[in-house]
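Novice: What follows is data.cif, made up of mmCIF, C-alpha atoms:
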```cif
data_run
#
loop_
_atom_site.label_atom_id
_atom_site.label_comp_id
_atom_site.auth_asym_id
_atom_site.auth_seq_id
_atom_site.Cartn_x
_atom_site.Cartn_y
_atom_site.Cartn_z
CA MET Q 1 21.28 -4.78 -36.99
CA SER Q 2 18.45 -2.26 -37.28
CA GLU Q 3 19.06 1.39 -36.48
CA GLY Q 4 15.41 2.25 -35.86
CA PRO Q 5 14.14 4.15 -32.85
CA PRO Q 6 14.05 2.30 -29.54
CA GLY Q 7 10.65 0.86 -28.74
CA GLY Q 8 9.83 0.21 -32.37
CA GLY Q 9 7.26 2.00 -34.40
CA SER Q 10 7.49 5.43 -35.88
CA GLY Q 11 10.40 7.79 -35.20
CA ARG Q 12 7.99 10.73 -35.05
CA VAL Q 13 8.14 12.80 -31.90
CA ALA Q 14 5.09 12.42 -29.66
CA LEU Q 15 6.29 14.71 -26.88
CA ARG Q 16 9.36 16.85 -26.33
CA GLN Q 17 11.07 17.20 -22.96
CA LYS Q 18 10.03 20.84 -22.49
CA SER Q 19 6.38 19.97 -23.14
CA ALA Q 20 6.57 16.99 -20.79
CA GLU Q 21 8.05 19.13 -18.00
CA ILE Q 22 5.36 21.78 -18.48
CA LEU Q 23 2.65 19.09 -18.44
CA VAL Q 24 3.99 17.42 -15.29
CA ALA Q 25 4.40 20.76 -13.51
CA ALA Q 26 0.80 21.67 -14.37
CA LEU Q 27 -0.51 18.30 -13.18
CA PHE Q 28 1.37 18.56 -9.88
CA PHE Q 29 0.13 22.12 -9.42
CA CYS Q 30 -3.45 20.86 -9.87
CA LEU Q 31 -2.80 18.08 -7.34
CA GLY Q 32 -1.40 20.58 -4.83
CA ALA Q 33 -4.33 22.94 -5.45
CA VAL Q 34 -6.81 20.13 -4.71
CA VAL Q 35 -4.97 19.38 -1.45
CA VAL Q 36 -4.96 23.07 -0.48
CA TYR Q 37 -8.66 23.47 -1.35
CA ASP Q 38 -9.73 20.42 0.64
CA SER Q 39 -7.50 21.44 3.57
CA VAL Q 40 -9.24 24.81 3.70
CA ARG Q 41 -12.58 22.97 3.66
CA LEU Q 42 -11.47 20.81 6.60
CA GLY Q 43 -9.90 23.67 8.52
CA PHE Q 44 -6.23 24.51 8.21
CA ARG Q 45 -5.62 26.75 11.21
CA TRP Q 46 -4.13 26.09 14.60
CA ALA Q 47 -7.01 25.76 17.06
CA ASP Q 48 -6.94 26.02 20.86
CA ASP Q 49 -6.58 22.25 21.17
CA GLY Q 50 -4.01 21.85 18.39
CA PRO Q 51 -3.96 21.72 14.61
CA GLN Q 52 -7.17 21.29 12.68
CA ALA Q 53 -7.54 18.33 10.32
CA GLY Q 54 -6.26 20.21 7.29
CA TYR Q 55 -3.32 21.99 8.91
CA PHE Q 56 -0.46 19.76 7.76
CA PRO Q 57 -1.98 18.80 4.38
CA PHE Q 58 -2.51 22.52 3.64
CA TYR Q 59 1.20 23.27 3.94
CA ILE Q 60 2.19 20.15 2.04
CA GLY Q 61 -0.18 21.14 -0.77
CA LEU Q 62 1.23 24.67 -0.68
CA VAL Q 63 4.80 23.34 -1.01
CA ILE Q 64 3.69 21.15 -3.94
CA CYS Q 65 2.13 24.18 -5.66
CA ILE Q 66 5.22 26.35 -5.13
CA ALA Q 67 7.58 23.60 -6.33
CA SER Q 68 5.37 23.07 -9.38
CA LEU Q 69 5.49 26.78 -10.21
CA VAL Q 70 9.30 26.76 -9.90
CA ASN Q 71 9.52 23.71 -12.19
CA LEU Q 72 7.11 25.36 -14.63
CA GLY Q 73 9.30 28.48 -14.71
CA VAL Q 74 12.45 26.42 -15.31
CA ALA Q 75 10.71 24.49 -18.12
CA LEU Q 76 9.45 27.66 -19.77
CA ALA Q 77 12.90 29.26 -19.56
CA ALA Q 78 14.57 26.29 -21.26
CA ARG Q 79 16.04 27.11 -24.65
CA GLN Q 80 14.14 25.66 -27.59
CA ASP Q 81 17.30 24.49 -29.39
CA ARG Q 82 18.24 22.26 -26.42
CA ASP Q 83 14.79 20.66 -26.30
CA LYS Q 84 15.31 16.90 -26.50
CA VAL Q 85 12.84 14.23 -27.53
CA PHE Q 86 11.01 12.87 -24.50
CA VAL Q 87 9.01 10.11 -26.18
CA GLN Q 88 8.36 8.95 -29.72
CA VAL Q 89 5.05 7.78 -31.14
CA GLY Q 90 6.14 4.12 -31.24
CA GLN Q 91 7.24 4.24 -27.62
CA ILE Q 92 4.01 5.85 -26.41
CA LYS Q 93 2.03 3.18 -28.26
CA LEU Q 94 3.91 0.48 -26.32
CA VAL Q 95 3.15 2.21 -23.03
CA LEU Q 96 -0.52 2.62 -23.90
CA ALA Q 97 -0.72 -1.01 -25.00
CA VAL Q 98 -0.08 -1.96 -21.37
CA LEU Q 99 -1.68 1.02 -19.62
CA VAL Q 100 -5.11 0.77 -21.28
CA PRO Q 101 -5.69 -2.95 -20.52
CA THR Q 102 -4.46 -2.38 -16.96
CA ALA Q 103 -6.95 0.48 -16.51
CA VAL Q 104 -9.74 -1.72 -17.90
CA TYR Q 105 -8.69 -4.47 -15.48
CA ALA Q 106 -8.84 -2.07 -12.53
CA ALA Q 107 -12.24 -0.81 -13.66
CA LEU Q 108 -13.61 -4.37 -13.94
CA ILE Q 109 -12.63 -5.44 -10.41
CA LYS Q 110 -15.65 -3.91 -8.69
CA PRO Q 111 -18.39 -4.99 -11.12
CA ILE Q 112 -17.21 -8.54 -11.88
CA GLY Q 113 -14.79 -9.31 -9.05
CA LEU Q 114 -11.02 -9.49 -8.67
CA TYR Q 115 -10.60 -13.13 -9.61
CA GLU Q 116 -12.73 -12.95 -12.74
CA ALA Q 117 -11.07 -9.72 -13.87
CA SER Q 118 -7.69 -11.37 -13.26
CA VAL Q 119 -8.66 -14.30 -15.49
CA LEU Q 120 -9.49 -11.88 -18.30
CA PHE Q 121 -6.35 -9.79 -17.70
CA VAL Q 122 -3.96 -12.75 -17.74
CA ALA Q 123 -5.76 -14.32 -20.70
CA TYR Q 124 -5.59 -11.11 -22.71
CA PHE Q 125 -1.86 -10.67 -22.22
CA MET Q 126 -1.07 -14.34 -22.82
CA ARG Q 127 -2.95 -14.24 -26.11
CA TRP Q 128 -1.84 -10.75 -27.17
CA LEU Q 129 1.83 -10.95 -26.20
CA GLY Q 130 2.54 -14.64 -26.15
CA LYS Q 131 0.15 -15.98 -28.82
CA TYR Q 132 -0.34 -19.06 -26.63
CA ALA Q 133 -2.89 -21.76 -27.38
CA TRP Q 134 -6.30 -21.25 -25.83
CA TRP Q 135 -6.04 -24.33 -23.61
CA LYS Q 136 -2.78 -23.01 -22.10
CA ILE Q 137 -4.34 -19.60 -21.61
CA ALA Q 138 -7.36 -21.12 -19.84
CA ALA Q 139 -5.19 -23.32 -17.62
CA VAL Q 140 -2.85 -20.51 -16.54
CA ALA Q 141 -5.46 -17.74 -16.21
CA VAL Q 142 -7.95 -19.84 -14.23
CA GLY Q 143 -5.21 -21.61 -12.28
CA ASN Q 144 -3.62 -18.30 -11.30
CA SER Q 145 -6.92 -16.88 -10.01
CA LEU Q 146 -7.78 -20.12 -8.23
CA PHE Q 147 -4.35 -20.14 -6.56
CA PHE Q 148 -4.79 -16.59 -5.27
CA LEU Q 149 -8.36 -17.30 -4.19
CA VAL Q 150 -7.04 -20.13 -2.01
CA ILE Q 151 -4.22 -17.96 -0.66
CA PHE Q 152 -6.29 -14.89 0.21
CA GLU Q 153 -9.74 -16.31 0.95
CA LEU Q 154 -8.83 -19.54 2.74
CA TRP Q 155 -5.35 -19.17 4.19
CA PHE Q 156 -5.13 -15.47 4.99
CA GLN Q 157 -8.92 -15.05 5.30
CA ILE Q 158 -8.83 -11.69 3.54
CA PRO Q 159 -12.09 -11.06 1.70
CA LEU Q 160 -11.50 -9.50 -1.70
CA PRO Q 161 -14.12 -8.31 -4.22
CA LYS Q 162 -15.57 -11.36 -5.91
CA SER Q 163 -18.60 -12.47 -7.87
CA ALA Q 164 -21.15 -15.08 -6.90
CA VAL Q 165 -19.18 -17.70 -8.83
CA ALA Q 166 -15.96 -16.98 -6.93
CA GLU Q 167 -17.93 -16.91 -3.66
CA TRP Q 168 -19.35 -20.36 -4.49
CA VAL Q 169 -15.83 -21.67 -5.34
CA ALA Q 170 -14.47 -20.25 -2.07
CA ALA Q 171 -17.35 -21.79 -0.08
CA THR Q 172 -16.80 -25.15 -1.79
CA LEU Q 173 -13.07 -25.03 -1.05
CA ARG Q 174 -13.79 -24.16 2.59
CA TRP Q 175 -16.12 -27.17 2.82
CA VAL Q 176 -13.51 -29.46 1.21
CA ALA Q 177 -10.82 -28.12 3.57
CA ALA Q 178 -13.08 -28.71 6.59
CA ALA Q 179 -13.86 -32.25 5.41
CA LEU Q 180 -10.18 -33.06 4.86
CA ARG Q 181 -8.95 -31.51 8.10
CA PRO Q 182 -9.52 -34.66 10.27
CA ILE Q 183 -7.74 -36.85 7.70
CA VAL Q 184 -4.78 -34.46 7.45
CA ASN Q 185 -4.58 -34.21 11.26
CA ALA Q 186 -4.63 -38.01 11.58
CA VAL Q 187 -1.84 -38.38 9.01
CA LEU Q 188 0.23 -35.65 10.67
CA SER Q 189 -0.21 -37.17 14.12
CA VAL Q 190 1.51 -40.36 12.89
CA PHE Q 191 4.68 -38.41 12.10
#
```
Any chance you could give the structure as structure tokens?

Specialist:
Amino acid sequence: MSEGPPGGGSGRVALRQKSAEILVAALFFCLGAVVVYDSVRLGFRWADDGPQAGYFPFYIGLVICIASLVNLGVALAARQDRDKVFVQVGQIKLVLAVLVPTAVYAALIKPIGLYEASVLFVAYFMRWLGKYAWWKIAAVAVGNSLFFLVIFELWFQIPLPKSAVAEWVAATLRWVAAALRPIVNAVLSVF
């Protein structure tokens, strides 16, 4: 059995726990500062008719900032000799191998549509992770998007971002469903 680092790849340290805690505290402080700033812009005082729009978010943002500063202080006070490895290079590569394609998928939804982006997303992972044959990839990726198009567009009638091609497929499926409805109703009335 191999004794290599979990997650494969290099055993080099990408990030130590102290650095990760400092980074997360700084990010949360920035998030809280944005909330506080926007709450001040909206109005964060108690008016004659009740709280202004930013009243509650202001205090929530303030609590986030204070908690972040406390966590930052605790992280900075941590002894260097007790600083554990948070993530290794091989592990971060595995995370990024999923995170980057997912971010690309999310970015493609608006310009090309949810169903088309989903075809590309599923196809990419089937080929990259599974090394499946192209015909299987096409069948699953297109079938998956077609299934969800039927579920959301026809059954639930929830319009999702889609291209002209997906709109045409949805319109065609609506027409087919309308044409088959009398036949289905006749068959069901027999039972």

Novice: Point out the residue among Q:Trp175, Q:Phe29, Q:Phe44, Q:Phe121 with the least atom-to-atom distance to Ile109 (chain Q), counting all atoms listed in the file.

Specialist: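 With all atoms listed in the file as the atom set, the closest residue is Q:Phe121.
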
Novice: As a list in words, please: the residues near Val63 (chain Q) (cut-off 12 Å, only C-alpha atoms, same-chain neighbours under 2 positions excluded).

Specialist: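 So, after excluding close chain neighbours, the residues are Phe28, Phe29, Leu31, Gly32, Ala33, Val35, Val36, Phe56, Pro57, Phe58, Tyr59, Ile60, Gly61, Cys65, Ile66, Ala67, Ser68, Leu69 and Val70 of chain Q.
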
Novice: Ranking Q:Val98, Q:Leu42, Q:Ala25, Q:Ala107 by minimum distance to Leu72 (chain Q) and counting all atoms listed in the file, which one comes first?

Specialist: Q:Ala25

Novice: In Å to one decimal, how far is CA of Val140 (chain Q) from CA of Leu114 (chain Q)?

Specialist: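 These atoms are spaced 15.8 Å apart.
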
Novice: Considering only C-alpha atoms, return as a VMD selection string whatever protein or nucleic-acid residues lie within 12 Å of region 124-128 of chain Q, sequence-local ones (same chain, fewer than 5 positions apart) excluded.

Specialist: chain Q and resid 97 to 102 104 to 105 117 to 119 133 to 141

Novice: Any chance you could turn region 8-96 of chain Q into a file with C-alpha atoms, as an mmCIF file, in the first residue's frame?

Specialist:
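Writing done, so here's part35.cif:
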```cif
data_model
loop_
_atom_site.group_PDB
_atom_site.id
_atom_site.type_symbol
_atom_site.label_atom_id
_atom_site.label_comp_id
_atom_site.auth_asym_id
_atom_site.auth_seq_id
_atom_site.Cartn_x
_atom_site.Cartn_y
_atom_site.Cartn_z
ATOM 1 C CA GLY Q 8 -2.305 12.311 -4.527
ATOM 2 C CA GLY Q 9 0.238 14.566 -6.073
ATOM 3 C CA SER Q 10 3.059 16.347 -4.375
ATOM 4 C CA GLY Q 11 3.554 16.332 -0.606
ATOM 5 C CA ARG Q 12 4.624 19.977 -0.722
ATOM 6 C CA VAL Q 13 2.691 22.323 1.509
ATOM 7 C CA ALA Q 14 0.426 24.728 -0.373
ATOM 8 C CA LEU Q 15 -1.047 26.434 2.682
ATOM 9 C CA ARG Q 16 -0.534 26.122 6.419
ATOM 10 C CA GLN Q 17 -3.375 26.331 8.932
ATOM 11 C CA LYS Q 18 -2.246 29.680 10.357
ATOM 12 C CA SER Q 19 -2.130 31.221 6.874
ATOM 13 C CA ALA Q 20 -5.540 29.761 6.020
ATOM 14 C CA GLU Q 21 -7.082 31.181 9.202
ATOM 15 C CA ILE Q 22 -5.572 34.615 8.512
ATOM 16 C CA LEU Q 23 -6.849 34.501 4.918
ATOM 17 C CA VAL Q 24 -10.375 33.464 5.927
ATOM 18 C CA ALA Q 25 -10.521 36.091 8.680
ATOM 19 C CA ALA Q 26 -9.443 38.770 6.187
ATOM 20 C CA LEU Q 27 -12.019 37.644 3.617
ATOM 21 C CA PHE Q 28 -14.820 37.657 6.188
ATOM 22 C CA PHE Q 29 -13.724 41.076 7.411
ATOM 23 C CA CYS Q 30 -13.960 42.365 3.820
ATOM 24 C CA LEU Q 31 -17.431 40.814 3.482
ATOM 25 C CA GLY Q 32 -18.565 42.446 6.732
ATOM 26 C CA ALA Q 33 -17.063 45.783 5.649
ATOM 27 C CA VAL Q 34 -19.017 45.658 2.371
ATOM 28 C CA VAL Q 35 -22.230 44.980 4.324
ATOM 29 C CA VAL Q 36 -21.504 47.857 6.726
ATOM 30 C CA TYR Q 37 -20.643 50.233 3.864
ATOM 31 C CA ASP Q 38 -23.786 49.427 1.899
ATOM 32 C CA SER Q 39 -25.928 49.631 5.054
ATOM 33 C CA VAL Q 40 -24.629 53.139 5.694
ATOM 34 C CA ARG Q 41 -25.479 53.987 2.074
ATOM 35 C CA LEU Q 42 -29.039 52.700 2.568
ATOM 36 C CA GLY Q 43 -29.483 54.297 5.972
ATOM 37 C CA PHE Q 44 -28.734 52.423 9.165
ATOM 38 C CA ARG Q 45 -30.451 54.537 11.803
ATOM 39 C CA TRP Q 46 -33.749 54.189 13.583
ATOM 40 C CA ALA Q 47 -36.191 56.589 11.924
ATOM 41 C CA ASP Q 48 -39.496 57.927 13.256
ATOM 42 C CA ASP Q 49 -41.398 55.175 11.471
ATOM 43 C CA GLY Q 50 -39.004 52.354 12.382
ATOM 44 C CA PRO Q 51 -35.650 51.035 11.219
ATOM 45 C CA GLN Q 52 -34.187 52.192 7.939
ATOM 46 C CA ALA Q 53 -33.355 49.624 5.264
ATOM 47 C CA GLY Q 54 -29.772 49.151 6.408
ATOM 48 C CA TYR Q 55 -30.384 49.015 10.167
ATOM 49 C CA PHE Q 56 -30.239 45.250 10.736
ATOM 50 C CA PRO Q 57 -27.652 44.493 8.011
ATOM 51 C CA PHE Q 58 -25.390 47.189 9.514
ATOM 52 C CA TYR Q 59 -25.230 45.421 12.870
ATOM 53 C CA ILE Q 60 -24.847 42.007 11.281
ATOM 54 C CA GLY Q 61 -21.950 43.338 9.191
ATOM 55 C CA LEU Q 62 -20.459 44.916 12.311
ATOM 56 C CA VAL Q 63 -20.644 41.589 14.188
ATOM 57 C CA ILE Q 64 -18.988 39.847 11.215
ATOM 58 C CA CYS Q 65 -16.165 42.420 11.238
ATOM 59 C CA ILE Q 66 -15.617 42.111 15.001
ATOM 60 C CA ALA Q 67 -15.665 38.297 14.871
ATOM 61 C CA SER Q 68 -13.202 38.384 11.974
ATOM 62 C CA LEU Q 69 -10.844 40.630 13.937
ATOM 63 C CA VAL Q 70 -11.036 38.260 16.930
ATOM 64 C CA ASN Q 71 -10.291 35.270 14.680
ATOM 65 C CA LEU Q 72 -7.445 37.196 13.047
ATOM 66 C CA GLY Q 73 -5.953 37.938 16.480
ATOM 67 C CA VAL Q 74 -6.223 34.287 17.533
ATOM 68 C CA ALA Q 75 -4.577 33.174 14.264
ATOM 69 C CA LEU Q 76 -1.749 35.672 14.618
ATOM 70 C CA ALA Q 77 -1.148 34.633 18.229
ATOM 71 C CA ALA Q 78 -0.861 30.944 17.306
ATOM 72 C CA ARG Q 79 2.588 29.504 17.888
ATOM 73 C CA GLN Q 80 4.549 28.781 14.733
ATOM 74 C CA ASP Q 81 5.749 25.362 15.940
ATOM 75 C CA ARG Q 82 2.135 24.138 16.272
ATOM 76 C CA ASP Q 83 1.239 25.292 12.757
ATOM 77 C CA LYS Q 84 -0.202 22.266 10.950
ATOM 78 C CA VAL Q 85 -0.492 21.677 7.224
ATOM 79 C CA PHE Q 86 -3.864 22.862 5.957
ATOM 80 C CA VAL Q 87 -3.606 21.698 2.343
ATOM 81 C CA GLN Q 88 -0.935 20.181 0.135
ATOM 82 C CA VAL Q 89 -0.252 21.047 -3.492
ATOM 83 C CA GLY Q 90 -1.720 17.761 -4.779
ATOM 84 C CA GLN Q 91 -4.906 18.290 -2.792
ATOM 85 C CA ILE Q 92 -5.383 21.869 -3.979
ATOM 86 C CA LYS Q 93 -4.924 20.699 -7.574
ATOM 87 C CA LEU Q 94 -7.792 18.225 -7.098
ATOM 88 C CA VAL Q 95 -10.027 20.958 -5.702
ATOM 89 C CA LEU Q 96 -9.159 23.329 -8.536
#
```
